[in-house]
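Data first, discussion second: the structure below is written as structure tokens.
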Amino acid sequence: MSNFLESVNTNFDKAAKHTGLAKGLLEQIKVCNSVYQMRFPVKVGNSYQVIEAYRAQHSHHRLPTKGGIRFSQKVNQDEVVALATLMTYKCALVDVPFGGAKGGVKISTREFNDEQLEKITRRYTMELIRKNFIGPGTDVPAPDYGTGPREMAWILDTYLTMKGGEIDAAGCVTGKPVNQYGIRGRTEATGRGVYYALKEILSYEKDMKEIGLTAGMEGKTIAVQGLGNVGYYAASICQNEGGATIVSVAEYEGAIYSEKGIDIEKLMKYRKSKGSIMGFPGTKKMKSRKDVLTVKCDILIPAALENQITKGNARSVKAKIVAEAANGPVTAEAGEILNKKGIMVVPDMYINAGGVTVSYFEWLKNLSHMRFGRMQKRFDQHRYQKLVDLVEQKTGKVIAAKEKKLLTRGADEIDLVRSGLEETMITAYGEIRDTYKRKKSISDMRTAAFVVAINKISSDYLSLGIWP
Ligand code: GLU
């Protein structure tokens with residue numbers, strides 16, 4: 001078994017003890033229900049390459065199953081199963097009514113051109129269709145490491161080619177481009193979820209004092225590993241809306257540091273033109289890209305891949321909060337070490353759940369065949385307008401045009417998506433924190449999150465009468 005899957009299962013076992021549930025039920029929740037391992041040929045240039053790929057459905061306690069598709073050279077069955085497992089707990093934690101799944105295609109995206117990537121994506125989708133591993137009511141993929149809206153559009157198009165008559169076909173995949181049945185706010189969702197979660201965590205003054213921080217995000221120093229979709233939006237929103245200072249950033253090519261702060265937007269532009277973050281004005285080069293993990297800062301956001309903070313470097317972590325924006329960046333052993341050091345580790349299954357939350361909204365939009373806000377936006381606007389008019393009339397005072405516009409605005413899709421996401425992150429944190437505070441024997445937030453998730457899943461089984 002890989003370290004990653006072992007880590008996830010170790011964490012599960014640790015939490016299971018606190019639930020008091022029957023052994024058989026815990027075993028059913030823990031195991032992966034089905035894995036489809038496939039190999040298919042794709043013509044690259046003049047020859048054929050055999051591609052290895054997977055789709056794991058960890059739990060069918062709720063359907064459809066849900067989870068991203070990863071394109072990476074490091075993909076293997078254990079990794080896909082570990083990621084699918086995390087999806088089950090993640091969905092339960094944030095009340096997204098799906099089972100967990102994950103897909104993986106073992107390729108390095110750098111080694112293929114766009115046309116070849118499209119061929120691989122479409123062929124992979126065909127395999128899923130053939131085995132009934134995709135569909136709005138069975139299993140709904142989404143983006144993950146190495147994939148994005150473009151790949152999701154290819155998946156949808158392939159699905160429509162085969163199943164065009166299905167009325168809800170558009171709900172067979174999420175994270176699609178907005179003009180291809182996607183939803184506004186999905187691309188930024190995981191990063192924005194990280195921001196809402198951190199804002200909520202930082203709002204508890206007493207909790208923050210215990211770990212040596214003041215309340216509020218303003219002025220907090222942040223280090224980010226990975227400027228992909230998750231890392232970029234998390235850093236950018238924490239900087240622009242939360243007033244945090246990004247002091248260190250690591251990417252494929254290396255890591256940089258600046259005490260004064262790194263403007264993420266400018267850094268992204270720089271990287272686009274130079275092909276690297278190295279040499280960005282005002283920053284120092286760090287020895288190794290992994291140095292970002294041990295830099296002095298308030299909050300560390302590992303937003304790349306799993307197994308980054310291990311027992312080898314955990315003792316050198318200096319952040320007060322580690323926010324697991326990636327899936328599985330802290331190993332179970334490293335988690336114990338950080339915990340002993342008094343560092344708060346905010347678990348992946350909570351802090352990166354923003355992506356699947358907005359995927360759920362997208363799926364709902366697809367099933368309802370209508371954009372959120374279409375029915376009520378103008379109705380609200382007219383009502384607020386009447387209210388503002390009345391206030392002006394009764395008080396004899398005029399409200400400034402800018403304020404009036406703000407007060408009378410009806411909600412658009414993006415407003416509703418962000419509001420739903422914020423609500424989800426705040427509610428889920430409340431549940432984790434309650435469990436953490438209530439049970440003295442639970443010593444870390446990950447265990448608390450697992451307990452909340454396991455209890456929710458078990459109640460599904462129990463209410464079905466499957467377990468006495
Ligand atoms: N791949 C993302 C995750 O790990 C999103 C999954 C989804 O939207 O279904 O949570």
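Each chain in the structure tokens gets a letter, A, B and so on, in the order shown; residues start at 1 in every chain, and ligands are counted from 1 in the order they appear.
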
Contacts with ligand 1 at most 9 Å, only C-alpha atoms and all ligand atoms counted, listed as a ChimeraX atom specification: /A:65-70,83-84,86-87,90-91,100-102,140-145,173-175,186,190,326-327,348-349,352-360

Can you tell me, as number ranges by chain, which residues in segment 141-338 of chain A count as helix (DSSP H, G or I) by DSSP? A: 149-163, 169-172, 178-180, 189-202, 205-210, 229-240, 264-274, 289-294, 314-316, 332-338

Applying 8 Å and only C-alpha atoms, which residues near Gly104 of chain A remain after dropping the ones on its own chain fewer than 3 positions away? List them as a list in words.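 Within the cut-off, the hits are Ala53, Tyr54, Arg55, Ile69, Arg70, Phe71, Ser72, Val75, Asn76 and Val80 of chain A.
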
Selection from above, C-alpha atoms, as a CSV table (one decimal), in the first residue's frame, can you write it?
```
chain,number,residue,atom,x,y,z
A,53,ALA,CA,-5.9,4.9,-16.3
A,54,TYR,CA,-8.3,4.5,-13.4
A,55,ARG,CA,-11.6,5.5,-12.0
A,69,ILE,CA,-9.8,13.4,-12.9
A,70,ARG,CA,-6.1,13.7,-12.5
A,71,PHE,CA,-3.5,13.7,-15.3
A,72,SER,CA,-0.1,13.0,-13.9
A,75,VAL,CA,-0.9,8.3,-11.0
A,76,ASN,CA,-1.3,4.8,-9.6
A,80,VAL,CA,-6.6,7.2,-7.0
```

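Nearest-residue note for Lys119 of chain A: choosing from A:Gly328, A:Pro41, A:Gly137, A:Gly373, the minimum distance belongs to A:Pro41, counting only C-alpha atoms.
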
Among the residues A:Ala244, A:Ile466, A:Ile183, A:Ala82, the one that comes closest to Gly24 of chain A [using only C-alpha atoms]: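 For Gly24 of chain A, the nearest of the given residues is A:Ile466.
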
Just checking: using only C-alpha atoms, which residue out of A:Ile120, A:Ala323, A:Ile301, A:Val81 ends up closest to Phe4 of chain A?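 With only C-alpha atoms as the atom set, the closest residue is A:Val81.
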
How many Å lie between atom CA of Pro97 of chain A and atom CA of Ser59 of chain A, rounded to one decimal?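 Value for the atom CA of Pro97 of chain A-atom CA of Ser59 of chain A distance: 11.6 Å.
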
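Residues in contact range of Trp154 of chain A, defined as at most 7 Å between only C-alpha atoms, with sequence neighbours fewer than 2 positions away removed, read A:Glu118, A:Thr121, A:Arg122, A:Arg150, A:Glu151, A:Met152, A:Leu156, A:Asp157, A:Thr158.
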
Can those selected residues be exported to a file as an mmCIF file, in the first residue's frame so that it contains all heavy atoms?
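File produced: out_0.cif:
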```
data_model
loop_
_atom_site.group_PDB
_atom_site.id
_atom_site.type_symbol
_atom_site.label_atom_id
_atom_site.label_comp_id
_atom_site.auth_asym_id
_atom_site.auth_seq_id
_atom_site.Cartn_x
_atom_site.Cartn_y
_atom_site.Cartn_z
ATOM 1 N N GLU A 118 -6.490 15.850 -26.155
ATOM 2 C CA GLU A 118 -7.923 15.731 -26.433
ATOM 3 C C GLU A 118 -8.274 14.276 -26.768
ATOM 4 O O GLU A 118 -9.265 13.726 -26.269
ATOM 5 C CB GLU A 118 -8.334 16.651 -27.595
ATOM 6 C CG GLU A 118 -9.807 16.503 -27.921
ATOM 7 C CD GLU A 118 -10.327 17.470 -28.980
ATOM 8 O OE1 GLU A 118 -9.592 18.400 -29.371
ATOM 9 O OE2 GLU A 118 -11.489 17.294 -29.411
ATOM 10 N N THR A 121 -8.274 12.247 -23.563
ATOM 11 C CA THR A 121 -9.437 12.567 -22.717
ATOM 12 C C THR A 121 -10.699 11.914 -23.278
ATOM 13 O O THR A 121 -11.497 11.327 -22.543
ATOM 14 C CB THR A 121 -9.647 14.103 -22.646
ATOM 15 O OG1 THR A 121 -8.414 14.699 -22.285
ATOM 16 C CG2 THR A 121 -10.713 14.473 -21.641
ATOM 17 N N ARG A 122 -10.863 12.019 -24.594
ATOM 18 C CA ARG A 122 -12.076 11.446 -25.212
ATOM 19 C C ARG A 122 -12.079 9.919 -25.114
ATOM 20 O O ARG A 122 -13.107 9.308 -24.845
ATOM 21 C CB ARG A 122 -12.184 11.893 -26.679
ATOM 22 C CG ARG A 122 -12.592 13.359 -26.822
ATOM 23 C CD ARG A 122 -12.739 13.742 -28.285
ATOM 24 N NE ARG A 122 -13.082 15.149 -28.448
ATOM 25 C CZ ARG A 122 -14.312 15.645 -28.362
ATOM 26 N NH1 ARG A 122 -15.336 14.847 -28.119
ATOM 27 N NH2 ARG A 122 -14.534 16.932 -28.524
ATOM 28 N N ARG A 150 -11.279 22.909 -19.988
ATOM 29 C CA ARG A 150 -11.127 22.415 -21.373
ATOM 30 C C ARG A 150 -11.351 20.897 -21.446
ATOM 31 O O ARG A 150 -12.127 20.411 -22.272
ATOM 32 C CB ARG A 150 -9.708 22.761 -21.841
ATOM 33 C CG ARG A 150 -9.381 22.280 -23.225
ATOM 34 C CD ARG A 150 -7.960 22.614 -23.581
ATOM 35 N NE ARG A 150 -7.001 21.775 -22.844
ATOM 36 C CZ ARG A 150 -5.719 21.648 -23.185
ATOM 37 N NH1 ARG A 150 -5.244 22.315 -24.217
ATOM 38 N NH2 ARG A 150 -4.909 20.875 -22.498
ATOM 39 N N GLU A 151 -10.724 20.173 -20.556
ATOM 40 C CA GLU A 151 -10.878 18.711 -20.532
ATOM 41 C C GLU A 151 -12.332 18.332 -20.211
ATOM 42 O O GLU A 151 -12.869 17.366 -20.751
ATOM 43 C CB GLU A 151 -9.943 18.071 -19.500
ATOM 44 C CG GLU A 151 -8.483 18.004 -19.912
ATOM 45 C CD GLU A 151 -7.776 19.345 -19.896
ATOM 46 O OE1 GLU A 151 -8.288 20.296 -19.259
ATOM 47 O OE2 GLU A 151 -6.714 19.467 -20.531
ATOM 48 N N MET A 152 -12.964 19.124 -19.323
ATOM 49 C CA MET A 152 -14.352 18.823 -18.954
ATOM 50 C C MET A 152 -15.276 19.022 -20.152
ATOM 51 O O MET A 152 -16.241 18.279 -20.339
ATOM 52 C CB MET A 152 -14.811 19.700 -17.769
ATOM 53 C CG MET A 152 -13.937 19.566 -16.522
ATOM 54 S SD MET A 152 -13.698 17.851 -15.979
ATOM 55 C CE MET A 152 -11.920 17.641 -16.186
ATOM 56 N N LEU A 156 -17.729 16.236 -21.754
ATOM 57 C CA LEU A 156 -19.159 16.462 -22.011
ATOM 58 C C LEU A 156 -19.491 16.165 -23.470
ATOM 59 O O LEU A 156 -20.478 15.477 -23.768
ATOM 60 C CB LEU A 156 -19.538 17.917 -21.673
ATOM 61 C CG LEU A 156 -20.958 18.302 -22.081
ATOM 62 C CD1 LEU A 156 -22.002 17.535 -21.266
ATOM 63 C CD2 LEU A 156 -21.204 19.806 -21.935
ATOM 64 N N ASP A 157 -18.651 16.670 -24.379
ATOM 65 C CA ASP A 157 -18.940 16.493 -25.800
ATOM 66 C C ASP A 157 -18.941 15.006 -26.180
ATOM 67 O O ASP A 157 -19.792 14.550 -26.946
ATOM 68 C CB ASP A 157 -17.908 17.264 -26.635
ATOM 69 C CG ASP A 157 -18.290 17.273 -28.092
ATOM 70 O OD1 ASP A 157 -19.424 17.726 -28.393
ATOM 71 O OD2 ASP A 157 -17.496 16.795 -28.934
ATOM 72 N N THR A 158 -18.002 14.258 -25.617
ATOM 73 C CA THR A 158 -17.952 12.811 -25.890
ATOM 74 C C THR A 158 -19.214 12.135 -25.338
ATOM 75 O O THR A 158 -19.821 11.290 -25.991
ATOM 76 C CB THR A 158 -16.687 12.184 -25.246
ATOM 77 O OG1 THR A 158 -15.558 12.971 -25.613
ATOM 78 C CG2 THR A 158 -16.491 10.747 -25.691
#
```
